[in-house]
Amino acid sequence: MRISGPLALKIGESIVGEPLPPRHALHAQFTHEGELLDDGVGLHFAAPNSFTGEDVVELQGHGGPVVMQMLLNAVLAAGARLARPGEFSERAFLNGQIDLAQAEAVADLIASASTQAARGAVRSLSGEFSSLVNELDADILKLRVHVEAAIDFPDEEVELLAQGRVGEQVETLIGAVQSLIQRSRQGALLSQGISVAIIGASNVGKSSLLNRLSGEQAAIVTDIPGTTRDLLKVDLVLDGLPVRLVDTAGLRDSADPVEVEGLRRARLAAETADLILEVRDLAVAQVNSEPASPERTLCVDNKIDLVGVPAGLVKDSPSTVRVSCLTGDGIEALRSAIKNRVGFTGEGSTFSARQRHIEALNAALTALEGAAQRLRANAAAEVIAEELRLAHLALGEVTGETTPDDLLGSIFATFCIGK
């Protein structure tokens with residue numbers, strides 16, 4: 001049990017019954033109002049040398065739910081309150097122990113769905129992502145100082161900007177931000193994963209495809225139309241990329257109210273999925289229709305074992321993969337196509353990231369590109385300085401330097417209790 005705050009030491013010592021020296025494991029009996037609760041270890045981390053930057057006390061007991069509830073009741077009675085979700089990480093951020101990207105990495109590490117995702121979260125938690133952002137931020141700040149200095153000398157500002165090689169520096173920053181965006185996209189895929197909806201008419205092999213991709217008999221497969229009525233979800237990992245497969249009801253006309261509801265859910269799953277696998281039956285020539293969302297759809301032509309065509313990606317149609325869910329032919333090609341379609345390379349070590357990080361970096365990139373255009377047009381230094389200021393603010397949102405309070409609240413609200 002972890003207690004943080006100005007009363008943490010007082011509460012902890014009231015439970016163990018003796019002083020808790022900093023960074024010393026003390027074996028003690030946990031008591032409350034003369035009643036023995038448990039036998040365990042007490043630890044005190046004095047401010048500011050703790051995770052939260054405040055006094056922190058940890059009481060390590062035997063961990064049974066009844067015993068822990070008794071201990072919790074005693075701690076609350078001594079003056080503590082239950083922590084909000086993410087409050088320990090929030091306090092660490094507010095007390096300057098970690099920045100916002102590192103705090104988010106705590107949640108990403110806990111929620112990791114693959115080994116690569118966990119490693120990426122650890123890299124972000126150690127500050128690798130933040131260091132790259134801070135380096136860019138420092139370079140932009142230096143550039144702002146130079147540009148804003150030129151504002152004080154309007155008759156010489158063009159010459160001063162040229163002497164400072166401002167244009168070259170802005171172009172260098174644009175390239176660096178673009179590179180960081182690409183790495184962040186890989187990190188976001190690792191930490192957030194993707195949802196993949198499997199859609200198609202009845203009996204084209206959607207459930208068979210789910211079973212093939214997941215490597216288990218997760219879905220019931222029969223020749224009877226309408227076997228799948230509700231959404232069936234299976235989580236798997238493709239070379240480090242977390243994927244949630246969603247098998248849906250076969251798309252057909254039906255008067256059955258249960259099946260109608262299944263069809264509604266199938267359409268909703270397709271609308272909200274990151275990627276759609278539209279399964280088609282080559283044996284009945286259902287291959288001429290265009291997908292509803294071609295930019296995020298892979299067409300999976302199934303039952304090649306019945307028509308004698310080769311498996312794999314179709315050369316003149318890179319959005320189509322031919323497979324046999326019966327034999328497994330073409331399934332590896334489909335796995336590769338899924339990763340390629342969402343832009344996941346799996347190459348090299350990367351850090352965890354989130355969509356909001358990518359949006360902030362894109363905003364910084366837009367501002368820097370605006371500054372480059374203004375420079376080429378010999379615009380006034382004030383205009384260039386404003387673009388650089390916007391880029392500086394956007395980067396600050398990644399680490400929490402300029403993040404609005406309402407966004408901070410929503411971020412930490414998604415954390416686990418006790419983190």
# chains A, B, ... in the order shown; residues from 1 in each chain; ligands from 1

$ select_by_dssp --residues "region 294-332 of chain A" --states "helix (DSSP H, G or I)" --output "list in words"
Pro294, Glu295, Arg296, Ile304, Asp305, Leu306, Val307, Ile331 and Glu332 of chain A

$ write_last_selection --atoms "N, CA and C atoms" --output "mmCIF file, in the first residue's frame"
data_model
loop_
_atom_site.group_PDB
_atom_site.id
_atom_site.type_symbol
_atom_site.label_atom_id
_atom_site.label_comp_id
_atom_site.auth_asym_id
_atom_site.auth_seq_id
_atom_site.Cartn_x
_atom_site.Cartn_y
_atom_site.Cartn_z
ATOM 1 N N PRO A 294 -12.283 2.234 -49.482
ATOM 2 C CA PRO A 294 -11.082 1.650 -50.081
ATOM 3 C C PRO A 294 -9.784 2.069 -49.406
ATOM 4 N N GLU A 295 -9.757 3.263 -48.806
ATOM 5 C CA GLU A 295 -8.513 3.749 -48.205
ATOM 6 C C GLU A 295 -8.136 2.964 -46.948
ATOM 7 N N ARG A 296 -9.073 2.271 -46.332
ATOM 8 C CA ARG A 296 -8.756 1.486 -45.140
ATOM 9 C C ARG A 296 -9.330 0.065 -45.227
ATOM 10 N N ILE A 304 -9.453 -20.039 -52.573
ATOM 11 C CA ILE A 304 -8.664 -20.263 -53.788
ATOM 12 C C ILE A 304 -8.448 -21.745 -54.042
ATOM 13 N N ASP A 305 -8.605 -22.557 -52.999
ATOM 14 C CA ASP A 305 -8.456 -24.006 -53.173
ATOM 15 C C ASP A 305 -9.552 -24.583 -54.065
ATOM 16 N N LEU A 306 -10.665 -23.853 -54.236
ATOM 17 C CA LEU A 306 -11.768 -24.335 -55.068
ATOM 18 C C LEU A 306 -11.661 -23.865 -56.513
ATOM 19 N N VAL A 307 -10.869 -22.804 -56.748
ATOM 20 C CA VAL A 307 -10.811 -22.240 -58.106
ATOM 21 C C VAL A 307 -9.438 -22.326 -58.738
ATOM 22 N N ILE A 331 -2.157 -16.815 -46.007
ATOM 23 C CA ILE A 331 -2.390 -16.148 -44.725
ATOM 24 C C ILE A 331 -1.185 -15.290 -44.319
ATOM 25 N N GLU A 332 0.035 -15.778 -44.547
ATOM 26 C CA GLU A 332 1.221 -14.975 -44.214
ATOM 27 C C GLU A 332 1.278 -13.709 -45.057
#

$ closest_atom_pairs --of "region 106-211 of chain A" --to "region 315-327 of chain A" --cutoff "8 Å" --atoms "only C-alpha atoms" --output "CSV"
residue,atom,partner,partner_atom,distance
A:Gly205,CA,A:Cys325,CA,7.1
A:Ser208,CA,A:Cys325,CA,5.9
A:Leu209,CA,A:Cys325,CA,5.7

$ select_by_dssp --residues "region 90-229 of chain A" --states "strand (DSSP E or B)" --output "PyMOL selection string"
chain A and resi 194-200

$ residues_around --residues "Glu87 (chain A)" --least-positions-apart "4" --cutoff "9 Å" --atoms "only C-alpha atoms" --output "VMD selection string"
chain A and resid 83 91 to 92 412 to 413 415 417 to 419

$ write_last_selection --atoms "all heavy atoms" --output "PDB file, in the first residue's frame"
ATOM      1  N   ALA A  83      -6.747   7.498  -3.461  1.00  0.00           N
ATOM      2  CA  ALA A  83      -6.167   8.248  -4.583  1.00  0.00           C
ATOM      3  C   ALA A  83      -7.100   8.171  -5.786  1.00  0.00           C
ATOM      4  O   ALA A  83      -7.787   7.180  -6.003  1.00  0.00           O
ATOM      5  CB  ALA A  83      -4.800   7.667  -4.945  1.00  0.00           C
ATOM      6  N   ARG A  91       0.863  13.646  -9.615  1.00  0.00           N
ATOM      7  CA  ARG A  91       1.663  14.405  -8.649  1.00  0.00           C
ATOM      8  C   ARG A  91       3.142  14.406  -9.041  1.00  0.00           C
ATOM      9  O   ARG A  91       3.839  15.405  -8.861  1.00  0.00           O
ATOM     10  CB  ARG A  91       1.477  13.823  -7.248  1.00  0.00           C
ATOM     11  CG  ARG A  91       0.091  14.069  -6.670  1.00  0.00           C
ATOM     12  CD  ARG A  91      -0.024  13.641  -5.216  1.00  0.00           C
ATOM     13  NE  ARG A  91      -1.327  14.005  -4.675  1.00  0.00           N
ATOM     14  CZ  ARG A  91      -1.535  14.348  -3.416  1.00  0.00           C
ATOM     15  NH1 ARG A  91      -0.533  14.374  -2.558  1.00  0.00           N
ATOM     16  NH2 ARG A  91      -2.737  14.652  -2.990  1.00  0.00           N
ATOM     17  N   ALA A  92       3.613  13.270  -9.573  1.00  0.00           N
ATOM     18  CA  ALA A  92       4.997  13.218 -10.045  1.00  0.00           C
ATOM     19  C   ALA A  92       5.212  14.237 -11.156  1.00  0.00           C
ATOM     20  O   ALA A  92       6.241  14.924 -11.205  1.00  0.00           O
ATOM     21  CB  ALA A  92       5.325  11.806 -10.535  1.00  0.00           C
ATOM     22  N   PHE A 412      -4.938  11.830 -17.114  1.00  0.00           N
ATOM     23  CA  PHE A 412      -4.681  11.068 -15.887  1.00  0.00           C
ATOM     24  C   PHE A 412      -5.921  10.275 -15.455  1.00  0.00           C
ATOM     25  O   PHE A 412      -5.794   9.277 -14.740  1.00  0.00           O
ATOM     26  CB  PHE A 412      -4.207  11.991 -14.770  1.00  0.00           C
ATOM     27  CG  PHE A 412      -2.800  12.465 -14.969  1.00  0.00           C
ATOM     28  CD1 PHE A 412      -2.524  13.795 -15.294  1.00  0.00           C
ATOM     29  CD2 PHE A 412      -1.736  11.589 -14.847  1.00  0.00           C
ATOM     30  CE1 PHE A 412      -1.217  14.231 -15.478  1.00  0.00           C
ATOM     31  CE2 PHE A 412      -0.428  12.011 -15.042  1.00  0.00           C
ATOM     32  CZ  PHE A 412      -0.166  13.334 -15.350  1.00  0.00           C
ATOM     33  N   ALA A 413      -7.095  10.671 -15.884  1.00  0.00           N
ATOM     34  CA  ALA A 413      -8.314   9.940 -15.521  1.00  0.00           C
ATOM     35  C   ALA A 413      -8.347   8.546 -16.137  1.00  0.00           C
ATOM     36  O   ALA A 413      -9.089   7.675 -15.679  1.00  0.00           O
ATOM     37  CB  ALA A 413      -9.554  10.725 -15.945  1.00  0.00           C
ATOM     38  N   PHE A 415      -5.813   6.483 -16.146  1.00  0.00           N
ATOM     39  CA  PHE A 415      -4.833   5.629 -15.482  1.00  0.00           C
ATOM     40  C   PHE A 415      -5.513   4.670 -14.514  1.00  0.00           C
ATOM     41  O   PHE A 415      -6.640   4.856 -14.099  1.00  0.00           O
ATOM     42  CB  PHE A 415      -3.836   6.490 -14.684  1.00  0.00           C
ATOM     43  CG  PHE A 415      -2.748   7.113 -15.518  1.00  0.00           C
ATOM     44  CD1 PHE A 415      -3.034   7.756 -16.701  1.00  0.00           C
ATOM     45  CD2 PHE A 415      -1.440   7.063 -15.105  1.00  0.00           C
ATOM     46  CE1 PHE A 415      -2.058   8.346 -17.465  1.00  0.00           C
ATOM     47  CE2 PHE A 415      -0.426   7.641 -15.847  1.00  0.00           C
ATOM     48  CZ  PHE A 415      -0.736   8.297 -17.031  1.00  0.00           C
ATOM     49  N   ILE A 417      -6.028   2.881 -10.826  1.00  0.00           N
ATOM     50  CA  ILE A 417      -5.947   3.328  -9.439  1.00  0.00           C
ATOM     51  C   ILE A 417      -4.571   2.920  -8.895  1.00  0.00           C
ATOM     52  O   ILE A 417      -4.105   1.807  -9.101  1.00  0.00           O
ATOM     53  CB  ILE A 417      -7.045   2.664  -8.589  1.00  0.00           C
ATOM     54  CG1 ILE A 417      -8.441   3.099  -9.085  1.00  0.00           C
ATOM     55  CG2 ILE A 417      -6.883   2.993  -7.115  1.00  0.00           C
ATOM     56  CD1 ILE A 417      -8.758   4.537  -8.847  1.00  0.00           C
ATOM     57  N   GLY A 418      -3.913   3.825  -8.185  1.00  0.00           N
ATOM     58  CA  GLY A 418      -2.640   3.496  -7.557  1.00  0.00           C
ATOM     59  C   GLY A 418      -1.433   3.760  -8.441  1.00  0.00           C
ATOM     60  O   GLY A 418      -0.311   3.469  -8.033  1.00  0.00           O
ATOM     61  N   LYS A 419      -1.645   4.331  -9.663  1.00  0.00           N
ATOM     62  CA  LYS A 419      -0.516   4.608 -10.548  1.00  0.00           C
ATOM     63  C   LYS A 419      -0.374   6.110 -10.752  1.00  0.00           C
ATOM     64  O   LYS A 419      -1.292   6.860 -10.551  1.00  0.00           O
ATOM     65  CB  LYS A 419      -0.718   3.912 -11.904  1.00  0.00           C
ATOM     66  CG  LYS A 419      -0.805   2.402 -11.800  1.00  0.00           C
ATOM     67  CD  LYS A 419       0.458   1.775 -11.190  1.00  0.00           C
ATOM     68  CE  LYS A 419       0.329   0.280 -11.051  1.00  0.00           C
ATOM     69  NZ  LYS A 419       1.467  -0.333 -10.357  1.00  0.00           N
TER      70      LYS A 419
END

$ atom_distance --atom1 "CA of Val196 (chain A)" --atom2 "CA of Val246 (chain A)"
6.1 Å

$ atom_distance --atom1 "CA of Asp281 (chain A)" --atom2 "CA of Leu313 (chain A)"
15.9 Å

$ atom_distance --atom1 "CA of Leu189 (chain A)" --atom2 "CA of Phe344 (chain A)"
7.1 Å

$ residues_around --residues "Leu236 (chain A)" --least-positions-apart "3" --cutoff "9 Å" --atoms "only C-alpha atoms" --output "mmCIF file with N, CA, C and O atoms, in the first residue's frame"
data_model
loop_
_atom_site.group_PDB
_atom_site.id
_atom_site.type_symbol
_atom_site.label_atom_id
_atom_site.label_comp_id
_atom_site.auth_asym_id
_atom_site.auth_seq_id
_atom_site.Cartn_x
_atom_site.Cartn_y
_atom_site.Cartn_z
ATOM 1 N N ALA A 113 0.504 -4.699 -24.764
ATOM 2 C CA ALA A 113 -0.060 -5.947 -25.280
ATOM 3 C C ALA A 113 0.974 -6.798 -25.999
ATOM 4 O O ALA A 113 0.647 -7.863 -26.507
ATOM 5 N N SER A 114 2.226 -6.325 -26.058
ATOM 6 C CA SER A 114 3.284 -7.102 -26.694
ATOM 7 C C SER A 114 4.613 -6.738 -26.050
ATOM 8 O O SER A 114 4.744 -5.700 -25.384
ATOM 9 N N LEU A 213 -6.100 -16.438 -38.503
ATOM 10 C CA LEU A 213 -5.227 -15.345 -38.076
ATOM 11 C C LEU A 213 -4.885 -15.444 -36.592
ATOM 12 O O LEU A 213 -3.774 -15.118 -36.179
ATOM 13 N N SER A 214 -5.845 -15.891 -35.785
ATOM 14 C CA SER A 214 -5.623 -15.958 -34.343
ATOM 15 C C SER A 214 -4.914 -17.234 -33.926
ATOM 16 O O SER A 214 -4.362 -17.307 -32.817
ATOM 17 N N LEU A 241 2.984 -5.901 -33.260
ATOM 18 C CA LEU A 241 1.849 -4.988 -33.416
ATOM 19 C C LEU A 241 0.607 -5.600 -32.774
ATOM 20 O O LEU A 241 0.107 -6.633 -33.229
ATOM 21 N N PRO A 242 0.058 -4.990 -31.694
ATOM 22 C CA PRO A 242 -1.173 -5.510 -31.089
ATOM 23 C C PRO A 242 -2.366 -5.300 -32.025
ATOM 24 O O PRO A 242 -2.577 -4.202 -32.546
ATOM 25 N N VAL A 243 -3.128 -6.350 -32.238
ATOM 26 C CA VAL A 243 -4.274 -6.302 -33.150
ATOM 27 C C VAL A 243 -5.497 -6.881 -32.446
ATOM 28 O O VAL A 243 -5.410 -7.939 -31.817
ATOM 29 N N ARG A 244 -6.614 -6.191 -32.542
ATOM 30 C CA ARG A 244 -7.891 -6.730 -32.079
ATOM 31 C C ARG A 244 -8.729 -7.052 -33.312
ATOM 32 O O ARG A 244 -9.164 -6.163 -34.040
ATOM 33 N N LEU A 245 -8.946 -8.358 -33.548
ATOM 34 C CA LEU A 245 -9.792 -8.811 -34.647
ATOM 35 C C LEU A 245 -11.239 -8.840 -34.191
ATOM 36 O O LEU A 245 -11.546 -9.300 -33.089
#

$ residues_around --residues "region 165-180 of chain A" --least-positions-apart "2" --cutoff "9 Å" --atoms "only C-alpha atoms" --output "PyMOL selection string"
chain A and resi 129+132-133+136+139-140+143+146-147+160-163+182-185+358+361-362+364-366+368-369+371-372+375-376

$ closest_residue --among "A:Asp405, A:Glu58, A:Glu271, A:Asp108" --to "Ala188 (chain A)" --atoms "only C-alpha atoms"
A:Asp108

$ residues_around --residues "Leu26 (chain A)" --least-positions-apart "6" --cutoff "9 Å" --atoms "only C-alpha atoms" --output "PyMOL selection string"
chain A and resi 16+20+40-43

$ write_last_selection --atoms "N, CA, C and O atoms" --output "CSV table (one decimal), in the first residue's frame"
chain,number,residue,atom,x,y,z
A,16,VAL,N,2.9,1.4,11.9
A,16,VAL,CA,4.0,0.5,12.3
A,16,VAL,C,4.4,0.7,13.7
A,16,VAL,O,5.1,-0.2,14.3
A,20,LEU,N,10.0,5.7,11.0
A,20,LEU,CA,10.4,5.1,9.7
A,20,LEU,C,11.6,5.9,9.1
A,20,LEU,O,11.3,6.9,8.5
A,40,GLY,N,4.5,-7.1,8.5
A,40,GLY,CA,5.1,-6.8,7.2
A,40,GLY,C,6.3,-5.8,7.3
A,40,GLY,O,7.0,-5.8,8.3
A,41,VAL,N,6.5,-5.1,6.2
A,41,VAL,CA,7.6,-4.2,6.0
A,41,VAL,C,7.2,-2.8,5.7
A,41,VAL,O,6.3,-2.6,4.9
A,42,GLY,N,7.7,-1.8,6.4
A,42,GLY,CA,7.4,-0.4,6.1
A,42,GLY,C,8.6,0.3,5.5
A,42,GLY,O,9.8,0.1,5.9
A,43,LEU,N,8.4,1.1,4.5
A,43,LEU,CA,9.4,1.9,3.8
A,43,LEU,C,9.0,3.3,3.7
A,43,LEU,O,7.9,3.7,3.4

$ residues_around --residues "Ala381 (chain A)" --least-positions-apart "6" --cutoff "8 Å" --atoms "only C-alpha atoms" --output "list in words"
Val147, Glu148, Ala150, Ile151 and Glu157 of chain A

$ write_last_selection --atoms "C-alpha atoms" --output "PDB file, in the first residue's frame"
ATOM      1  CA  VAL A 147      14.420  36.292 -35.198  1.00  0.00           C
ATOM      2  CA  GLU A 148      12.917  38.430 -32.453  1.00  0.00           C
ATOM      3  CA  ALA A 150      15.938  41.227 -35.761  1.00  0.00           C
ATOM      4  CA  ILE A 151      12.569  42.831 -35.017  1.00  0.00           C
ATOM      5  CA  GLU A 157      16.127  42.525 -40.389  1.00  0.00           C
TER       6      GLU A 157
END

$ closest_residue --among "A:Arg2, A:Arg356, A:Arg335, A:Lys206" --to "Phe45 (chain A)" --atoms "only C-alpha atoms"
A:Arg2

$ closest_atom_pairs --of "region 352-409 of chain A" --to "region 101-104 of chain A" --cutoff "8 Å" --atoms "only C-alpha atoms" --output "tab-separated table"
residue	atom	partner	partner_atom	distance
A:Ala353	CA	A:Ala101	CA	7.9
A:Val398	CA	A:Ala101	CA	6.3
A:Thr399	CA	A:Ala101	CA	5.2
A:Gly400	CA	A:Ala101	CA	7.4

$ write_last_selection --atoms "N, CA, C and O atoms" --output "PDB file, in the first residue's frame"
ATOM      1  N   ALA A 353       4.243   6.117 -28.078  1.00  0.00           N
ATOM      2  CA  ALA A 353       3.698   7.447 -28.335  1.00  0.00           C
ATOM      3  C   ALA A 353       2.188   7.328 -28.426  1.00  0.00           C
ATOM      4  O   ALA A 353       1.640   6.229 -28.462  1.00  0.00           O
ATOM      5  N   VAL A 398       3.483  18.228 -25.984  1.00  0.00           N
ATOM      6  CA  VAL A 398       3.902  16.828 -25.882  1.00  0.00           C
ATOM      7  C   VAL A 398       4.389  16.519 -24.476  1.00  0.00           C
ATOM      8  O   VAL A 398       4.005  15.525 -23.857  1.00  0.00           O
ATOM      9  N   THR A 399       5.243  17.386 -23.933  1.00  0.00           N
ATOM     10  CA  THR A 399       5.844  17.131 -22.625  1.00  0.00           C
ATOM     11  C   THR A 399       5.062  17.738 -21.474  1.00  0.00           C
ATOM     12  O   THR A 399       5.391  17.507 -20.309  1.00  0.00           O
ATOM     13  N   GLY A 400       4.013  18.516 -21.798  1.00  0.00           N
ATOM     14  CA  GLY A 400       3.180  19.094 -20.743  1.00  0.00           C
ATOM     15  C   GLY A 400       3.547  20.505 -20.374  1.00  0.00           C
ATOM     16  O   GLY A 400       2.949  21.073 -19.460  1.00  0.00           O
TER      17      GLY A 400
END

$ closest_residue --among "A:Leu298, A:Ser336, A:Leu7, A:Arg119" --to "Ala46 (chain A)" --atoms "only C-alpha atoms"
A:Leu7

$ closest_residue --among "A:Gly330, A:Gly370, A:Pro21, A:Gly343" --to "Gly187 (chain A)" --atoms "only C-alpha atoms"
A:Gly343

$ closest_residue --among "A:Leu94, A:Leu72, A:Leu388, A:Val57" --to "Lys142 (chain A)" --atoms "only C-alpha atoms"
A:Leu388
